[in-house]
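Notes follow the structure.
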Amino acid sequence: MLTFAEGGGAEAKIPALHVSAEVAEALLPGYSEQVAQLDAGEVPPAAGESRTAVLNANVVREKGTAHNVLGLVRGREHGRVLVIGAHFDHLGRGGSGSLAPAGEQGEIHNGADDNASGTATVLEIARCLAAGEPPACDVLLALWSGEELGLLGSEHWARSPTIPLERIAANLNLDMVGRAGGGKLSVLGAGSAQPFSLLLTSAGPRAKLQLDVSLSGQGVGGSDHQTFLKREIPALHFFSGLHSDYHRPSDDSERFESEGAARVAALVLDLVDDLAGTKELAFVPPPKEAPGATPGGFKTRFGSIPDYAFDGTGMRLDGTSPGGPAEKAGLLRGDVIVGVGDLKVDGLGDFMHVLNTHKPGDVVRVRFLRDGGEESCQVTLESSQVE
Ligand SMILES: [Zn+2]
């Protein structure tokens with residue numbers, strides 16, 4: 001009998017298990033050889049022997065308490081508020097988000113770049129704002145929890161905001177800014193408000209940073225700025241790039257480039273004054289990522305934004321992508337999808353599985369709950385390449 005280590009992060013209501021190549025070989029002798037043949041482009045001979053395995057799994061949904069840390073610096077004007085945020089959670093000893101190499105699994109992941117760097121930079125910005133003249137507008141400094149588990153902290157705040165969302169002019173999100181020592185920094189989401197690009201063009205050199213500005217709001221893995229973008233609040237994500245220590249125990253303090261982070265702090269402080277004085281800061285939907293960059297590699301596109309925090313039966317929509325199949329079919333934020341075609345959808349995992357069994361152009365009947373009743377609609381799936 002084999003026992004399985006506990007997993008995490010899966011939304012599926014169906015137990016899913018994965019095994020190492022060694023275990024697969026023990027269960028099915030010849031497995032490794034067949035995989036090697038497939039990798040070499042050869043067609044292995046059909047498997048002769050079939051085996052049966054019995055699996056037992058307990059799905060336990062764990063809950064815990066976490067805290068966001070907020071601070072407000074009063075400005076000269078109180079009409080608009082800028083939210084400067086960074087997540088301060090990381091991966092603990094690893095878990096499903098870890099990329100730790102064999103031999104380092106279970107070690108503490110300090111997350112110096114992801115995201116002690118953003119946390120420290122927000123604290124430095126707070127210190128400067130509190131020490132100097134009052135800023136041009138109110139600034140909410142936010143350290144979010146639960147980002148690595150699916151933007152839980154910022155999402156919670158946005159659902160029960162301490163300041164009415166109508167007053168939030170923009171979000172500046174610092175997630176991984178600890179590798180900007182070479183003077184290079186990426187800024188994502190510049191397409192979410194018209195003045196962003198121009199402001200960044202002049203603010204970058206003032207902070208001695210060479211900015212790689214992307215109009216799209218999509219980044220690697222997503223981060224807390226997306227909580228704001230989906231509520232049509234302009235948002236920028238500052239990011240000094242991926243590296244080989246990402247989500248590994250080796251992401252530690254000796255590789256933190258404080259000189260670069262200080263420049264990021266200067267850049268954000270500069271932008272506070274610029275943004276407070278900019279008259280027109282209306283939200284514009286930013287363009288999607290470049291074709292082929294869709295995370296997860298789904299071939300079909302449904303155009304929905306799942307509610308990751310929903311733990312009922314089905315998949316609740318947190319929104320739909322503009323012009324996407326779900327929006328065209330009339331699906332709305334709050335709808336809970338419970339079936340596609342003849343198949344039941346118990347959760348997000350089921351939904352993705354069902355989506356993967358279809359191809360672009362397929363028309364599927366989607367059953368969903370709205371206002372206590374079940375309704376259905378036809379959705380024409382598109383190719384994810386159009387995104
Ligand atoms: Zn992060």
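Just remember, in the structure tokens the first chain shown is A, the second B, etc., residues are 1-based per chain, and ligands are 1-based in the order shown.
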How would you write, as a tab-separated table (two decimals) with N, CA and C atoms, in the first residue's frame, the set of residues no farther than 9 Å from ligand 1 when counting only C-alpha atoms and all ligand atoms?
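The result, written out as pocket22.tsv:
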```tsv
chain	number	residue	atom	x	y	z
A	86	ALA	N	1.21	45.88	-1.43
A	86	ALA	CA	2.11	44.75	-1.68
A	86	ALA	C	1.62	43.58	-0.84
A	87	HIS	N	1.74	42.37	-1.34
A	87	HIS	CA	1.36	41.25	-0.50
A	87	HIS	C	2.52	40.85	0.41
A	88	PHE	N	2.20	40.47	1.63
A	88	PHE	CA	3.28	40.12	2.57
A	88	PHE	C	3.24	38.66	2.99
A	89	ASP	N	2.42	37.86	2.35
A	89	ASP	CA	2.44	36.42	2.60
A	89	ASP	C	3.41	35.77	1.61
A	90	HIS	N	3.84	34.56	1.92
A	90	HIS	CA	4.57	33.77	0.92
A	90	HIS	C	4.17	32.32	1.08
A	111	GLY	N	11.05	34.10	0.72
A	111	GLY	CA	10.40	35.01	-0.22
A	111	GLY	C	10.95	36.42	-0.14
A	113	ASP	N	12.41	38.26	-2.41
A	113	ASP	CA	11.93	39.08	-3.53
A	113	ASP	C	10.41	39.03	-3.60
A	114	ASP	N	9.84	37.86	-3.38
A	114	ASP	CA	8.39	37.64	-3.50
A	114	ASP	C	7.78	37.37	-2.12
A	115	ASN	N	7.40	38.32	-1.30
A	115	ASN	CA	7.37	39.70	-1.68
A	115	ASN	C	7.79	40.57	-0.50
A	116	ALA	N	8.87	40.11	0.21
A	116	ALA	CA	9.42	40.98	1.25
A	116	ALA	C	9.93	42.27	0.60
A	118	GLY	N	8.59	43.98	-1.95
A	118	GLY	CA	7.47	44.91	-2.12
A	118	GLY	C	6.99	45.44	-0.77
A	147	GLU	N	-2.12	36.36	-0.84
A	147	GLU	CA	-2.01	36.54	-2.29
A	147	GLU	C	-1.68	35.24	-2.99
A	148	GLU	N	-0.74	34.50	-2.38
A	148	GLU	CA	-0.27	33.26	-3.02
A	148	GLU	C	-1.38	32.21	-3.11
A	174	LEU	N	3.13	46.62	-5.77
A	174	LEU	CA	4.55	46.25	-5.80
A	174	LEU	C	4.67	44.77	-5.45
A	175	ASP	N	4.91	43.97	-6.45
A	175	ASP	CA	5.07	42.53	-6.20
A	175	ASP	C	6.34	42.08	-6.91
A	176	MET	N	7.39	41.85	-6.14
A	176	MET	CA	8.72	41.48	-6.62
A	176	MET	C	9.44	42.68	-7.25
A	221	GLY	N	1.46	34.76	-13.19
A	221	GLY	CA	0.75	34.30	-12.00
A	221	GLY	C	-0.33	35.24	-11.48
A	222	GLY	N	-0.38	36.47	-11.98
A	222	GLY	CA	-1.38	37.41	-11.49
A	222	GLY	C	-0.99	37.95	-10.13
A	223	SER	N	-1.46	39.13	-9.81
A	223	SER	CA	-1.18	39.69	-8.49
A	223	SER	C	-2.30	40.64	-8.10
A	224	ASP	N	-2.14	41.31	-6.96
A	224	ASP	CA	-3.25	42.05	-6.35
A	224	ASP	C	-3.80	43.22	-7.17
A	247	HIS	N	9.94	31.37	-6.15
A	247	HIS	CA	9.19	30.34	-5.41
A	247	HIS	C	10.08	29.17	-4.95
```
ask   = Running DSSP on the backbone, which parts of region 234-352 of chain A land in strand (DSSP E or B), as number ranges by chain?
value = A: 235-239, 283, 300-301, 304-306, 315-320, 336-340, 343-344
request  = Output as a PyMOL selection string all residues of region 183-273 of chain A that backbone DSSP marks as helix (DSSP H, G or I).
outcome  = chain A and resi 190-192+196-206+225-229+253-255+258-273
message = Which residues are close to Val354 (chain A), i.e. within 12 Å by only C-alpha atoms, leaving aside same-chain residues fewer than 4 positions away? Reply as a PyMOL selection string.
response = chain A and resi 12+298+300-302+337-350+358-359+364-366+381
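The residue that comes closest to Pro195 (chain A), out of A:Glu62, A:Asp371, A:Glu382, A:Glu280 and on the basis of only C-alpha atoms, is A:Glu280.
Nearest residue to Arg333 (chain A) among A:Gly303, A:Pro286, A:Gly361, A:Gly204 is A:Gly303, counting only C-alpha atoms.
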ask   = Within 9 Å of Phe239 (chain A), counting only C-alpha atoms, which residues qualify if same-chain residues fewer than 5 places away don't, as a PyMOL selection string?
value = chain A and resi 173-180+185-188+219
Can you write out the residues you just picked, keeping N, CA and C atoms, as a PDB file, in the first residue's frame?
```pdb
ATOM      1  N   ASN A 173       0.721  48.520  -7.359  1.00  0.00           N
ATOM      2  CA  ASN A 173       1.007  47.234  -6.731  1.00  0.00           C
ATOM      3  C   ASN A 173       2.483  46.879  -6.881  1.00  0.00           C
ATOM      4  N   LEU A 174       3.132  46.620  -5.768  1.00  0.00           N
ATOM      5  CA  LEU A 174       4.550  46.253  -5.800  1.00  0.00           C
ATOM      6  C   LEU A 174       4.671  44.774  -5.446  1.00  0.00           C
ATOM      7  N   ASP A 175       4.914  43.966  -6.446  1.00  0.00           N
ATOM      8  CA  ASP A 175       5.072  42.535  -6.204  1.00  0.00           C
ATOM      9  C   ASP A 175       6.339  42.081  -6.906  1.00  0.00           C
ATOM     10  N   MET A 176       7.388  41.846  -6.137  1.00  0.00           N
ATOM     11  CA  MET A 176       8.715  41.479  -6.623  1.00  0.00           C
ATOM     12  C   MET A 176       9.435  42.682  -7.254  1.00  0.00           C
ATOM     13  N   VAL A 177       9.995  43.493  -6.394  1.00  0.00           N
ATOM     14  CA  VAL A 177      10.767  44.643  -6.869  1.00  0.00           C
ATOM     15  C   VAL A 177      12.200  44.590  -6.323  1.00  0.00           C
ATOM     16  N   GLY A 178      12.638  43.387  -5.952  1.00  0.00           N
ATOM     17  CA  GLY A 178      13.940  43.252  -5.293  1.00  0.00           C
ATOM     18  C   GLY A 178      15.104  42.948  -6.218  1.00  0.00           C
ATOM     19  N   ARG A 179      14.858  42.994  -7.525  1.00  0.00           N
ATOM     20  CA  ARG A 179      15.963  42.679  -8.450  1.00  0.00           C
ATOM     21  C   ARG A 179      16.142  43.804  -9.466  1.00  0.00           C
ATOM     22  N   ALA A 180      15.940  45.029  -8.982  1.00  0.00           N
ATOM     23  CA  ALA A 180      16.022  46.183  -9.890  1.00  0.00           C
ATOM     24  C   ALA A 180      17.360  46.903  -9.747  1.00  0.00           C
ATOM     25  N   LEU A 185      13.146  47.963 -14.640  1.00  0.00           N
ATOM     26  CA  LEU A 185      11.908  47.615 -13.952  1.00  0.00           C
ATOM     27  C   LEU A 185      10.782  47.489 -14.984  1.00  0.00           C
ATOM     28  N   SER A 186       9.966  46.456 -14.821  1.00  0.00           N
ATOM     29  CA  SER A 186       8.783  46.326 -15.670  1.00  0.00           C
ATOM     30  C   SER A 186       7.600  46.973 -14.980  1.00  0.00           C
ATOM     31  N   VAL A 187       6.755  47.625 -15.769  1.00  0.00           N
ATOM     32  CA  VAL A 187       5.508  48.178 -15.241  1.00  0.00           C
ATOM     33  C   VAL A 187       4.378  47.642 -16.110  1.00  0.00           C
ATOM     34  N   LEU A 188       3.472  46.912 -15.493  1.00  0.00           N
ATOM     35  CA  LEU A 188       2.364  46.312 -16.237  1.00  0.00           C
ATOM     36  C   LEU A 188       1.074  47.061 -15.942  1.00  0.00           C
ATOM     37  N   GLY A 219       0.159  39.623 -15.705  1.00  0.00           N
ATOM     38  CA  GLY A 219       1.546  39.318 -15.400  1.00  0.00           C
ATOM     39  C   GLY A 219       1.671  37.853 -15.063  1.00  0.00           C
TER      40      GLY A 219
END
```
inquiry  = Between CA of Thr65 (chain A) and CA of Leu229 (chain A), what distance in Å does the model show, to one decimal?
reply    = 25.7 Å
task = Find the spatial neighbours of region 214-218 of chain A, counting only C-alpha atoms, within a cut-off of 6 Å - ignore same-chain residues fewer than 3 positions away - and output them as a PyMOL selection string.
result = chain A and resi 188-191+286-289
note = Judged by only C-alpha atoms, the minimum distance to Leu152 (chain A) among A:Ala21, A:Ala262, A:Ala102, A:Ala66 is found for A:Ala66
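Nearest residue to Ile108 (chain A), choosing from A:Ala309, A:Leu91, A:Leu123, A:Leu200 and counting only C-alpha atoms: A:Leu91.
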key: Exercise: Val69 (chain A) partners within 8 Å, only C-alpha atoms, chain neighbours under 5 positions left out, as a ChimeraX atom specification   = /A:142-144
key: Exercise: Ala126 (chain A) partners within 10 Å, only C-alpha atoms, chain neighbours under 2 positions left out, as a list in words   = Gly71, Leu72, Val73, Ile84, Ala120, Thr121, Val122, Leu123, Glu124, Cys128, Leu129, Ala130, Ala131, Val139, Leu140, Leu141, Ala142, Ala265 and Leu269 of chain A
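One finds CA of Ala53 (chain A) at 13.4 Å from CA of His18 (chain A).
Distance check against Ile305 (chain A) using only C-alpha atoms: of A:Leu82, A:Val19, A:Leu331, A:Leu369, the minimum falls on A:Leu331.
Distances to Ser20 (chain A) were evaluated for A:Tyr246, A:Ser32, A:Gly79, A:Val336 using only C-alpha atoms, and the minimum falls at A:Ser32.
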